[in-house]
>>> print(open('structure-v2.csv').read())   # CSV, C-alpha atoms
chain,number,residue,atom,x,y,z
D,1,MET,CA,0.0,0.0,0.0
D,2,LEU,CA,1.1,3.6,-0.7
D,3,ASN,CA,0.8,5.1,2.8
D,4,GLN,CA,0.1,8.5,4.2
D,5,ARG,CA,3.0,10.3,5.8
D,6,THR,CA,3.5,12.6,8.8
D,7,LEU,CA,6.5,13.6,11.0
D,8,LYS,CA,8.2,11.4,13.5
D,9,THR,CA,8.7,14.2,16.0
D,10,LEU,CA,8.0,18.0,16.2
D,11,THR,CA,10.4,20.6,14.9
D,12,ARG,CA,10.5,24.4,15.3
D,13,ALA,CA,11.7,27.5,13.5
D,14,VAL,CA,11.7,31.2,14.2
D,15,GLY,CA,11.7,33.9,11.6
D,16,MET,CA,10.0,37.0,10.2
D,17,GLY,CA,7.0,37.5,8.0
D,18,LEU,CA,7.9,38.7,4.5
D,19,HIS,CA,4.9,41.1,4.3
D,20,SER,CA,4.1,41.8,8.0
D,21,GLY,CA,7.7,42.1,9.2
D,22,GLN,CA,6.6,40.4,12.4
D,23,ARG,CA,8.6,37.9,14.4
D,24,VAL,CA,6.9,34.5,14.2
D,25,GLU,CA,7.6,31.0,15.5
D,26,ILE,CA,6.2,27.9,13.9
D,27,THR,CA,6.1,24.4,15.4
D,28,LEU,CA,5.5,21.5,13.0
D,29,ARG,CA,3.9,18.5,14.7
D,30,PRO,CA,2.8,15.0,13.7
D,31,ALA,CA,-0.9,14.6,12.9
D,32,PRO,CA,-3.1,11.4,12.7
D,33,PRO,CA,-4.1,9.9,9.3
D,34,ASP,CA,-6.6,11.8,7.3
D,35,THR,CA,-6.0,15.0,9.3
D,36,GLY,CA,-4.5,16.9,6.3
D,37,ILE,CA,-2.5,20.0,7.0
D,38,VAL,CA,-3.9,22.2,9.7
D,39,PHE,CA,-2.6,25.6,10.6
D,40,ARG,CA,-3.2,26.5,14.3
D,41,ARG,CA,-3.0,30.1,15.5
D,42,VAL,CA,-1.7,29.6,19.0
D,43,ASP,CA,-1.2,33.3,19.7
D,44,LEU,CA,-4.9,33.9,20.2
D,45,PRO,CA,-6.7,33.7,23.6
D,46,GLU,CA,-8.3,30.5,22.3
D,47,PRO,CA,-6.2,28.6,19.6
D,48,VAL,CA,-8.0,28.5,16.2
D,49,ASP,CA,-7.5,25.8,13.6
D,50,ILE,CA,-7.5,26.5,9.9
D,51,PRO,CA,-7.5,23.3,7.8
D,52,VAL,CA,-6.1,23.8,4.3
D,53,SER,CA,-8.5,23.6,1.4
D,54,ALA,CA,-9.0,25.4,-1.9
D,55,LEU,CA,-12.1,27.1,-0.4
D,56,ALA,CA,-10.1,28.3,2.7
D,57,VAL,CA,-8.1,30.6,0.5
D,58,THR,CA,-9.4,34.2,1.0
D,59,ASP,CA,-6.6,36.4,-0.3
D,60,THR,CA,-4.1,36.0,-3.1
D,61,ARG,CA,-2.4,39.4,-3.3
D,62,MET,CA,1.4,38.7,-3.4
D,63,ALA,CA,0.9,35.4,-1.4
D,64,SER,CA,-1.7,32.8,-0.5
D,65,THR,CA,-3.8,33.5,2.6
D,66,ILE,CA,-6.1,31.0,4.3
D,67,SER,CA,-8.8,31.9,6.8
D,68,THR,CA,-11.6,30.7,9.0
D,69,GLY,CA,-13.9,33.5,10.1
D,70,ASN,CA,-11.7,36.5,10.9
D,71,VAL,CA,-8.6,34.4,11.7
D,72,LYS,CA,-6.0,34.3,8.9
D,73,VAL,CA,-2.6,32.9,8.1
D,74,HIS,CA,-0.7,34.6,5.3
D,75,THR,CA,2.0,33.3,2.9
D,76,VAL,CA,1.5,29.6,3.4
D,77,GLU,CA,2.7,28.6,-0.1
D,78,HIS,CA,6.4,27.9,0.6
D,79,LEU,CA,5.7,25.5,3.5
D,80,MET,CA,2.9,23.9,1.5
D,81,SER,CA,5.2,23.4,-1.4
D,82,ALA,CA,7.8,21.6,0.8
D,83,CYS,CA,5.0,19.4,2.1
D,84,ALA,CA,3.9,18.6,-1.5
D,85,GLY,CA,7.5,18.0,-2.6
D,86,LEU,CA,8.2,15.6,0.3
D,87,GLY,CA,4.8,13.9,0.2
D,88,VAL,CA,3.7,15.0,3.8
D,89,ASP,CA,0.0,14.4,4.1
D,90,ASN,CA,-0.8,15.1,7.8
D,91,LEU,CA,0.7,17.9,9.8
D,92,TYR,CA,-0.2,20.4,12.5
D,93,VAL,CA,1.4,23.9,12.0
D,94,ASP,CA,1.3,25.9,15.3
D,95,ILE,CA,2.0,29.5,14.5
D,96,THR,CA,2.4,32.5,16.8
D,97,ALA,CA,1.4,35.3,14.3
D,98,GLU,CA,-0.6,35.7,11.2
D,99,GLU,CA,2.1,35.0,8.6
D,100,VAL,CA,4.4,32.0,8.0
D,101,PRO,CA,8.1,33.1,8.3
D,102,ILE,CA,9.8,33.7,5.0
D,103,LEU,CA,13.2,32.3,6.2
D,104,ASP,CA,15.5,32.4,3.2
D,105,GLY,CA,12.7,33.1,0.7
D,106,SER,CA,12.5,29.6,-0.8
D,107,ALA,CA,11.2,26.2,0.4
D,108,ALA,CA,14.6,24.8,1.3
D,109,SER,CA,14.5,25.7,5.0
D,110,PHE,CA,11.1,24.0,5.3
D,111,VAL,CA,12.5,20.9,3.5
D,112,PHE,CA,15.3,20.9,6.0
D,113,LEU,CA,12.9,21.2,9.0
D,114,LEU,CA,10.7,18.4,7.7
D,115,GLN,CA,13.6,16.1,6.9
D,116,SER,CA,15.3,16.7,10.3
D,117,ALA,CA,12.1,15.8,12.1
D,118,GLY,CA,11.9,12.6,10.1
D,119,ILE,CA,9.1,11.3,7.9
D,120,GLU,CA,6.9,8.5,9.3
D,121,LEU,CA,4.7,6.2,7.3
D,122,GLN,CA,1.1,5.8,8.6
D,123,ASP,CA,-1.3,2.9,8.5
D,124,ALA,CA,-3.7,4.5,6.1
D,125,PRO,CA,-3.7,4.8,2.3
D,126,LYS,CA,-2.5,8.0,0.6
D,127,ARG,CA,-5.4,9.6,-1.2
D,128,PHE,CA,-4.9,11.4,-4.5
D,129,VAL,CA,-7.2,13.7,-6.5
D,130,ARG,CA,-6.8,12.3,-10.0
D,131,VAL,CA,-7.7,14.6,-12.8
D,132,LEU,CA,-9.9,12.9,-15.4
D,133,ALA,CA,-10.7,15.7,-17.9
D,134,PRO,CA,-8.9,19.0,-18.8
D,135,VAL,CA,-9.8,22.1,-16.8
D,136,GLU,CA,-8.5,25.6,-17.6
D,137,VAL,CA,-8.9,29.1,-16.4
D,138,ARG,CA,-7.9,32.2,-18.4
D,139,GLN,CA,-7.7,35.9,-17.8
D,140,GLY,CA,-6.9,38.8,-20.1
D,141,GLU,CA,-6.5,39.0,-23.9
D,142,GLY,CA,-3.6,39.4,-26.3
D,143,ASP,CA,-0.4,40.6,-24.7
D,144,ASN,CA,-2.1,40.5,-21.3
D,145,VAL,CA,-3.3,36.9,-21.4
D,146,LYS,CA,-2.5,34.5,-18.6
D,147,TRP,CA,-3.8,31.0,-18.1
D,148,ALA,CA,-3.4,27.8,-16.0
D,149,ARG,CA,-4.5,24.3,-16.9
D,150,LEU,CA,-4.8,20.8,-15.4
D,151,GLU,CA,-4.9,17.7,-17.6
D,152,PRO,CA,-5.0,13.9,-16.9
D,153,TYR,CA,-1.6,12.4,-16.3
D,154,HIS,CA,-0.4,9.3,-14.3
D,155,GLY,CA,1.9,11.2,-12.1
D,156,TYR,CA,2.5,14.9,-11.3
D,157,ARG,CA,4.1,17.2,-13.8
D,158,LEU,CA,4.3,20.9,-13.8
D,159,GLY,CA,5.2,23.2,-16.7
D,160,PHE,CA,5.5,27.0,-16.3
D,161,GLU,CA,6.4,29.9,-18.6
D,162,ILE,CA,7.1,33.4,-17.4
D,163,ASP,CA,7.2,36.6,-19.5
D,164,PHE,CA,9.0,39.5,-17.8
D,165,SER,CA,10.4,42.4,-19.7
D,166,HIS,CA,13.6,42.8,-17.6
D,167,PRO,CA,17.2,42.3,-18.6
D,168,ALA,CA,18.1,40.1,-15.6
D,169,VAL,CA,15.1,37.8,-16.2
D,170,ASP,CA,15.3,37.8,-20.0
D,171,SER,CA,18.9,36.4,-19.7
D,172,THR,CA,17.7,33.3,-17.8
D,173,GLY,CA,15.4,30.4,-18.6
D,174,GLN,CA,11.8,31.5,-18.8
D,175,SER,CA,10.2,28.1,-19.0
D,176,VAL,CA,10.7,24.9,-17.1
D,177,LEU,CA,9.1,21.5,-16.9
D,178,PHE,CA,9.4,19.5,-13.6
D,179,ASP,CA,8.1,15.9,-13.2
D,180,MET,CA,8.0,14.2,-9.8
D,181,SER,CA,8.8,10.9,-11.4
D,182,THR,CA,12.2,12.0,-12.8
D,183,GLY,CA,13.2,15.1,-10.9
D,184,SER,CA,14.2,15.8,-7.3
D,185,TYR,CA,12.1,18.5,-5.6
D,186,SER,CA,14.7,19.1,-3.0
D,187,LYS,CA,17.6,19.6,-5.5
D,188,ASP,CA,15.8,21.0,-8.5
D,189,ILE,CA,13.0,23.3,-7.1
D,190,ALA,CA,13.1,23.9,-3.3
D,191,ARG,CA,16.0,26.4,-3.3
D,192,ALA,CA,14.5,28.8,-5.7
D,193,ARG,CA,13.8,32.1,-4.0
D,194,THR,CA,11.0,34.6,-4.3
D,195,PHE,CA,11.9,37.7,-6.3
D,196,GLY,CA,11.0,41.4,-6.6
D,197,PHE,CA,12.0,44.7,-8.1
D,198,THR,CA,13.2,47.8,-6.2
D,199,LYS,CA,10.8,50.0,-8.2
D,200,ASP,CA,7.9,48.1,-6.6
D,201,VAL,CA,9.1,48.2,-3.1
D,202,GLU,CA,7.8,51.7,-2.2
D,203,MET,CA,4.4,50.9,-3.6
D,204,MET,CA,4.2,47.5,-1.8
D,205,ARG,CA,5.3,49.0,1.6
D,206,ALA,CA,2.8,51.8,1.3
D,207,ASN,CA,0.2,49.0,1.0
D,208,GLY,CA,1.6,47.2,4.1
D,209,LEU,CA,3.4,44.5,2.0
D,210,ALA,CA,7.1,43.4,1.9
D,211,LEU,CA,7.8,45.0,5.3
D,212,GLY,CA,10.2,42.1,6.1
D,213,GLY,CA,11.7,41.6,2.6
D,214,GLY,CA,15.4,42.1,1.8
D,215,LEU,CA,18.4,40.6,0.1
D,216,ASP,CA,18.6,37.8,2.7
D,217,ASN,CA,15.2,36.4,1.8
D,218,ALA,CA,14.5,37.4,-1.8
D,219,ILE,CA,16.1,38.0,-5.2
D,220,VAL,CA,16.1,41.8,-5.6
D,221,MET,CA,16.5,43.5,-8.9
D,222,ASP,CA,16.9,47.1,-10.0
D,223,ASP,CA,16.1,48.2,-13.6
D,224,TYR,CA,19.0,46.2,-15.0
D,225,LYS,CA,20.5,43.5,-12.8
D,226,VAL,CA,20.2,41.2,-9.8
D,227,LEU,CA,21.5,43.0,-6.6
D,228,ASN,CA,22.2,39.9,-4.5
D,229,ALA,CA,25.9,39.5,-4.0
D,230,GLY,CA,25.7,35.7,-4.6
D,231,GLY,CA,23.7,35.9,-7.8
D,232,LEU,CA,21.3,33.2,-8.7
D,233,ARG,CA,21.1,29.7,-7.2
D,234,TYR,CA,19.8,28.2,-10.5
D,235,ASP,CA,20.3,29.5,-14.0
D,236,ASP,CA,16.5,29.5,-14.2
D,237,GLU,CA,15.7,30.4,-10.6
D,238,PHE,CA,12.9,32.9,-11.5
D,239,VAL,CA,10.7,30.4,-13.3
D,240,LYS,CA,11.6,27.6,-10.9
D,241,HIS,CA,10.2,29.8,-8.0
D,242,LYS,CA,7.0,29.9,-9.9
D,243,ILE,CA,6.9,26.1,-10.0
D,244,LEU,CA,7.6,26.1,-6.3
D,245,ASP,CA,4.7,28.5,-5.6
D,246,ALA,CA,2.4,26.6,-7.9
D,247,MET,CA,3.1,23.3,-6.0
D,248,GLY,CA,2.3,25.1,-2.7
D,249,ASP,CA,-0.9,26.7,-4.1
D,250,LEU,CA,-2.1,23.5,-5.7
D,251,TYR,CA,-1.5,21.5,-2.5
D,252,LEU,CA,-4.0,23.7,-0.8
D,253,LEU,CA,-6.5,21.4,-2.5
D,254,GLY,CA,-5.9,19.2,0.6
D,255,LYS,CA,-4.6,16.1,-1.3
D,256,PRO,CA,-1.8,15.5,-3.8
D,257,LEU,CA,-2.8,15.8,-7.4
D,258,LEU,CA,-2.3,13.2,-10.2
D,259,ALA,CA,-2.3,15.6,-13.1
D,260,SER,CA,-0.3,17.6,-15.6
D,261,TYR,CA,-0.3,21.3,-14.7
D,262,SER,CA,0.8,23.9,-17.2
D,263,ALA,CA,0.7,27.7,-16.9
D,264,PHE,CA,1.6,31.0,-18.6
D,265,ARG,CA,2.1,34.0,-16.3
D,266,SER,CA,-0.1,32.4,-13.6
D,267,GLY,CA,0.1,33.3,-10.0
D,268,HIS,CA,-1.5,32.7,-6.6
D,269,ALA,CA,-4.9,34.0,-7.7
D,270,LEU,CA,-5.2,32.0,-10.9
D,271,ASN,CA,-3.9,28.9,-9.3
D,272,ASN,CA,-6.6,29.0,-6.7
D,273,LEU,CA,-9.2,29.8,-9.4
D,274,LEU,CA,-8.0,26.7,-11.2
D,275,LEU,CA,-8.6,24.5,-8.1
D,276,ARG,CA,-12.1,26.0,-7.6
D,277,GLU,CA,-12.9,25.3,-11.3
D,278,LEU,CA,-11.7,21.7,-10.9
D,279,LEU,CA,-13.9,21.2,-7.8
D,280,LYS,CA,-16.9,22.7,-9.7
D,281,HIS,CA,-16.7,19.9,-12.3
D,282,ARG,CA,-17.2,16.7,-10.3
D,283,ALA,CA,-16.9,14.5,-13.4
D,284,ALA,CA,-13.4,15.9,-14.0
D,285,TRP,CA,-11.8,14.2,-11.0
D,286,ASP,CA,-12.0,11.4,-8.5
D,287,VAL,CA,-10.1,10.2,-5.4
D,288,VAL,CA,-7.8,7.2,-5.7
D,289,THR,CA,-5.5,5.1,-3.5
D,290,PHE,CA,-2.9,2.5,-4.4
D,291,ASP,CA,-3.1,-0.8,-2.6
D,292,ASP,CA,0.0,-1.9,-4.5
D,293,ASP,CA,2.6,0.9,-4.5
D,294,LYS,CA,4.1,-0.6,-7.7
D,295,LEU,CA,1.0,0.7,-9.5
D,296,ALA,CA,1.6,4.3,-8.2
D,297,PRO,CA,3.5,6.8,-10.3
D,298,ALA,CA,7.2,6.4,-9.7
D,299,GLY,CA,7.9,9.6,-7.8
D,300,PHE,CA,5.2,9.0,-5.3
D,301,ALA,CA,6.3,5.4,-4.7
D,302,GLN,CA,9.8,6.6,-4.0
D,303,LEU,CA,8.6,9.3,-1.6
D,304,ALA,CA,6.8,6.6,0.4
D,305,ARG,CA,10.1,5.5,1.9
D,306,ALA,CA,10.7,7.1,5.3
D,307,TRP,CA,14.1,8.8,6.0
>>> encode(input="structure-v2.csv", output="structure tokens")
Amino acid sequence: MLNQRTLKTLTRAVGMGLHSGQRVEITLRPAPPDTGIVFRRVDLPEPVDIPVSALAVTDTRMASTISTGNVKVHTVEHLMSACAGLGVDNLYVDITAEEVPILDGSAASFVFLLQSAGIELQDAPKRFVRVLAPVEVRQGEGDNVKWARLEPYHGYRLGFEIDFSHPAVDSTGQSVLFDMSTGSYSKDIARARTFGFTKDVEMMRANGLALGGGLDNAIVMDDYKVLNAGGLRYDDEFVKHKILDAMGDLYLLGKPLLASYSAFRSGHALNNLLLRELLKHRAAWDVVTFDDDKLAPAGFAQLARAW
């Protein structure tokens, strides 16, 4: 059987919110089978749980925010991406503020936290949402068009193309294809950092965003070049970060996908619209398990081994 996974023990990290600039501590704890990933605001007089789901996403400006009532957790996508990449199904995330810490701006620190806690196989089948028919969302026309699509695929494959008119981005790879069956999330995707432009910083900070951003947790560019002393971690780090974000956004569905995802200029908002569109078409998906892990897609079968 291809089993669900959680952590062997708890692990903690302290950092700063990218947009809020607030100090925040997160504690990642094991959770029972079929719990899913649940964020818990422990800084409130009474702790409040926010289970992840596509419908729990209430804001997608510059990050993915999940809510229940008036209680929110911002910028969940990098941690969710690490959980997707390592195949973690069940997890409690205790958090002491309303934004997940940005750490180094990628998912690598979360991968390290999860791996250092150890992955434990659970006595329950891993449940996948299998896409049975194409689903697509589009916005804009002509030069402003952007779109995202899910299609049937026995595995999990993501293709992304960006289109930035900027010398530093234009000189790098603007499209990438990552397949869980042949690639390594930890090596190929997890280290790609979020990025931004100095010209946008004033506007963002005036709107209460990017208050904790800087060269230690983002790729920062002026009108011509990357300002980070160390340069890029990957030749195509910009588009790989878009894959990283998409994996986190799509894992907010609450279960891993069996699908081929492709996108052009997509972002948090369009990724969530794509999930909602999928859920609207009940004939376009089902939920499957694998009693024999040899019948599962290669990448997932390999992930089922505990560290």
>>> residues_around(input="structure-v2.csv", residues="stretch 196-203 of chain D", least_positions_apart="4", cutoff="8 Å", atoms="all atoms listed in the file", output="list in words")
Asn207, Ala210, Ala218, Ile219, Val220, Met221, Asp222 and Asp223 of chain D
>>> closest_residue(input="structure-v2.csv", among="D:Leu121, D:Ala283, D:Ala192, D:Ala168", to="D:Lys242", atoms="all atoms listed in the file")
D:Ala192
>>> residues_around(input="structure-v2.csv", residues="D:Ile26", least_positions_apart="4", cutoff="12 Å", atoms="only C-alpha atoms", output="PyMOL selection string")
chain D and resi 10-17+39-43+73+76+79+92-103+110+113
>>> atom_distance(input="structure-v2.csv", atom1="atom CA of D:Gln122", atom2="atom CA of D:Gln4")
5.3 Å
>>> residues_around(input="structure-v2.csv", residues="stretch 284-290 of chain D", least_positions_apart="6", cutoff="12 Å", atoms="all atoms listed in the file", output="PyMOL selection string")
chain D and resi 1-4+124-136+150-154+254-259+275+277-278+296-297+300-301+304
>>> atom_distance(input="structure-v2.csv", atom1="atom CA of D:Thr194", atom2="atom CA of D:Asp245")
8.9 Å
>>> atom_distance(input="structure-v2.csv", atom1="atom CA of D:Asn217", atom2="atom CA of D:Ile243")
17.7 Å
>>> closest_residue(input="structure-v2.csv", among="D:Leu55, D:Met180, D:Cys83, D:Leu270", to="D:Val137", atoms="only C-alpha atoms")
D:Leu270
>>> residues_around(input="structure-v2.csv", residues="D:Glu237", least_positions_apart="6", cutoff="10 Å", atoms="all atoms listed in the file", output="PDB file with C-alpha atoms, in the coordinates of the input")
ATOM      1  CA  VAL D 169      15.100  37.800 -16.200  1.00  0.00           C
ATOM      2  CA  THR D 172      17.700  33.300 -17.800  1.00  0.00           C
ATOM      3  CA  GLY D 173      15.400  30.400 -18.600  1.00  0.00           C
ATOM      4  CA  GLN D 174      11.800  31.500 -18.800  1.00  0.00           C
ATOM      5  CA  VAL D 176      10.700  24.900 -17.100  1.00  0.00           C
ATOM      6  CA  ASP D 188      15.800  21.000  -8.500  1.00  0.00           C
ATOM      7  CA  ILE D 189      13.000  23.300  -7.100  1.00  0.00           C
ATOM      8  CA  ARG D 191      16.000  26.400  -3.300  1.00  0.00           C
ATOM      9  CA  ALA D 192      14.500  28.800  -5.700  1.00  0.00           C
ATOM     10  CA  ARG D 193      13.800  32.100  -4.000  1.00  0.00           C
ATOM     11  CA  THR D 194      11.000  34.600  -4.300  1.00  0.00           C
ATOM     12  CA  PHE D 195      11.900  37.700  -6.300  1.00  0.00           C
ATOM     13  CA  ILE D 219      16.100  38.000  -5.200  1.00  0.00           C
ATOM     14  CA  ILE D 243       6.900  26.100 -10.000  1.00  0.00           C
TER      15      ILE D 243
END
>>> residues_near_point(input="structure-v2.csv", point="(-5.3, 16.2, 8.6)", cutoff="8 Å", atoms="all atoms listed in the file", output="PyMOL selection string")
chain D and resi 31-38+51+89-92
>>> closest_residue(input="structure-v2.csv", among="D:Gly118, D:Gly299, D:Gly155, D:Gly87", to="D:Thr182", atoms="only C-alpha atoms")
D:Gly299
>>> closest_residue(input="structure-v2.csv", among="D:Phe160, D:Asn228, D:Gly212, D:Ala190", to="D:Tyr261", atoms="only C-alpha atoms")
D:Phe160
>>> closest_residue(input="structure-v2.csv", among="D:Val239, D:Leu279, D:Ala269, D:Leu18", to="D:Lys146", atoms="all atoms listed in the file")
D:Ala269
>>> closest_residue(input="structure-v2.csv", among="D:Lys72, D:Arg233, D:Arg23, D:Arg29", to="D:Lys8", atoms="only C-alpha atoms")
D:Arg29
>>> residues_near_point(input="structure-v2.csv", point="(-4.9, 30.0, 0.1)", cutoff="7 Å", atoms="only C-alpha atoms", output="short mmCIF file (atom, residue, chain, number, x, y, z; two decimals) with C-alpha atoms, keeping the file's coordinate frame")
data_model
loop_
_atom_site.label_atom_id
_atom_site.label_comp_id
_atom_site.auth_asym_id
_atom_site.auth_seq_id
_atom_site.Cartn_x
_atom_site.Cartn_y
_atom_site.Cartn_z
CA ALA D 54 -9.00 25.40 -1.90
CA ALA D 56 -10.10 28.30 2.70
CA VAL D 57 -8.10 30.60 0.50
CA THR D 58 -9.40 34.20 1.00
CA ASP D 59 -6.60 36.40 -0.30
CA THR D 60 -4.10 36.00 -3.10
CA SER D 64 -1.70 32.80 -0.50
CA THR D 65 -3.80 33.50 2.60
CA ILE D 66 -6.10 31.00 4.30
CA ASP D 249 -0.90 26.70 -4.10
CA LEU D 252 -4.00 23.70 -0.80
#
